[in-house]
Amino acid sequence: MSASAALITATELFAKPEQIDAVAEAWQAHNDASGFDGRILYRGLESNSVLELAPLHHGFEQMEELRADWWKLWEAVGPLGEGDFRRQFLQFVEAPKPAAGALPDTHYVQMRHVEVVPRVYRQYRAWREETIFDVVRTTDEVKSFQAFHSLASTEPGVMFVSGFDADPAKYMEAFTSPRYQQIVREAGDTYITGGDNGLYTRIYERVTA
């Protein structure tokens, strides 16, 4: 049975390349002092950003604590960023490869975002079980794969959190194969909304031990 958190937050801050180390250090120092358990920081491999994934063990009952904590984070880390924090509340749906805990315990994560047209969401769920999830289950490099859906986000839709330890190039082989490219085409033709944010993937390397 999956131990995935029922609700997580994904918070990201973009910065200039020369500020990324400072962002990660200041953010980690904030988290160490915050008293919240389970938060994990990552650095973008393809973007100048720091990403935090955090389980909400008590759901929205934690909102007042989070509001106060996020204000402290804004004061401590925000001045180092090139913009404001981007936040999402993500609700767990299912995991074709469950993580051992609330979040992946891996060196890398990939965030795979898909905005699905609501009228075909049920069909999409059945389709991904036979296509995307089949690839995931048969790919050894994928250590965990959790499917979430946005509850509150400026990027609504599905978010897959994929955990892996292999070299990113090796991990990506399964997702650049001819079979998977066909899956992507099917998704684009039938389920995914148009525009730049309908589909994207981003890989991050873990900061915290």
# chains A, B, ... in the order shown; residues from 1 in each chain; ligands from 1
$ residues_around --residues "His57 (chain A)" --least-positions-apart "4" --cutoff "8 Å" --atoms "only C-alpha atoms" --output "list in words"
Ala5, Ala6 and Leu7 of chain A
$ write_last_selection --atoms "all heavy atoms" --output "PDB file, in the first residue's frame"
ATOM      1  N   ALA A   5       1.604  10.904   0.775  1.00  0.00           N
ATOM      2  CA  ALA A   5       0.792  11.884   1.482  1.00  0.00           C
ATOM      3  C   ALA A   5      -0.459  12.187   0.665  1.00  0.00           C
ATOM      4  O   ALA A   5      -0.412  12.281  -0.562  1.00  0.00           O
ATOM      5  CB  ALA A   5       1.600  13.159   1.709  1.00  0.00           C
ATOM      6  N   ALA A   6      -1.588  12.337   1.350  1.00  0.00           N
ATOM      7  CA  ALA A   6      -2.836  12.646   0.655  1.00  0.00           C
ATOM      8  C   ALA A   6      -2.788  14.024   0.013  1.00  0.00           C
ATOM      9  O   ALA A   6      -3.449  14.274  -1.002  1.00  0.00           O
ATOM     10  CB  ALA A   6      -4.011  12.561   1.630  1.00  0.00           C
ATOM     11  N   LEU A   7      -1.996  14.921   0.589  1.00  0.00           N
ATOM     12  CA  LEU A   7      -1.906  16.288   0.082  1.00  0.00           C
ATOM     13  C   LEU A   7      -0.471  16.765   0.261  1.00  0.00           C
ATOM     14  O   LEU A   7       0.134  16.598   1.326  1.00  0.00           O
ATOM     15  CB  LEU A   7      -2.859  17.203   0.848  1.00  0.00           C
ATOM     16  CG  LEU A   7      -3.007  18.648   0.362  1.00  0.00           C
ATOM     17  CD1 LEU A   7      -3.669  18.683  -1.009  1.00  0.00           C
ATOM     18  CD2 LEU A   7      -3.846  19.447   1.371  1.00  0.00           C
TER      19      LEU A   7
END
$ residues_around --residues "Ala169 (chain A)" --least-positions-apart "4" --cutoff "12 Å" --atoms "only C-alpha atoms" --output "MDAnalysis selection string"
chainID A and resid 45 108 141 164:165 173:176 203
$ select_by_dssp --residues "chain A" --states "strand (DSSP E or B)" --output "PyMOL selection string"
chain A and resi 7-14+40-44+49-55+86-97+108-114+116+144-152+158-164+192+199-206
$ closest_atom_pairs --of "region 55-132 of chain A" --to "region 20-38 of chain A" --cutoff "7 Å" --atoms "only C-alpha atoms" --output "tab-separated table"
residue	atom	partner	partner_atom	distance
A:Pro55	CA	A:Gly38	CA	6.4
A:Leu73	CA	A:His30	CA	6.7
A:Ala76	CA	A:Ala26	CA	6.9
A:Val77	CA	A:Ala26	CA	6.1
A:Leu80	CA	A:Val23	CA	6.3
$ write_last_selection --atoms "N, CA and C atoms" --output "short mmCIF file (atom, residue, chain, number, x, y, z; two decimals), in the first residue's frame"
data_model
loop_
_atom_site.label_atom_id
_atom_site.label_comp_id
_atom_site.auth_asym_id
_atom_site.auth_seq_id
_atom_site.Cartn_x
_atom_site.Cartn_y
_atom_site.Cartn_z
N PRO A 55 4.93 17.27 2.43
CA PRO A 55 3.65 16.64 2.75
C PRO A 55 2.88 17.46 3.77
N LEU A 73 9.52 32.55 5.14
CA LEU A 73 10.31 32.11 3.99
C LEU A 73 10.44 33.23 2.97
N ALA A 76 13.05 35.58 4.26
CA ALA A 76 14.41 35.04 4.34
C ALA A 76 15.00 34.71 2.98
N VAL A 77 14.17 34.19 2.06
CA VAL A 77 14.67 33.67 0.79
C VAL A 77 14.20 34.49 -0.40
N LEU A 80 16.31 36.80 -2.72
CA LEU A 80 17.31 36.19 -3.58
C LEU A 80 16.74 35.74 -4.92
#
$ residues_around --residues "Met172 (chain A)" --least-positions-apart "4" --cutoff "12 Å" --atoms "only C-alpha atoms" --output "list in words"
Val109, Gln110, Val135, Val136, Thr139, Asp140, Glu141, Val142, Ser162, Phe164, Asp165, Ala166, Asp167, Pro168, Thr176, Ser177, Tyr180, Gln181, Thr201, Arg202 and Ile203 of chain A
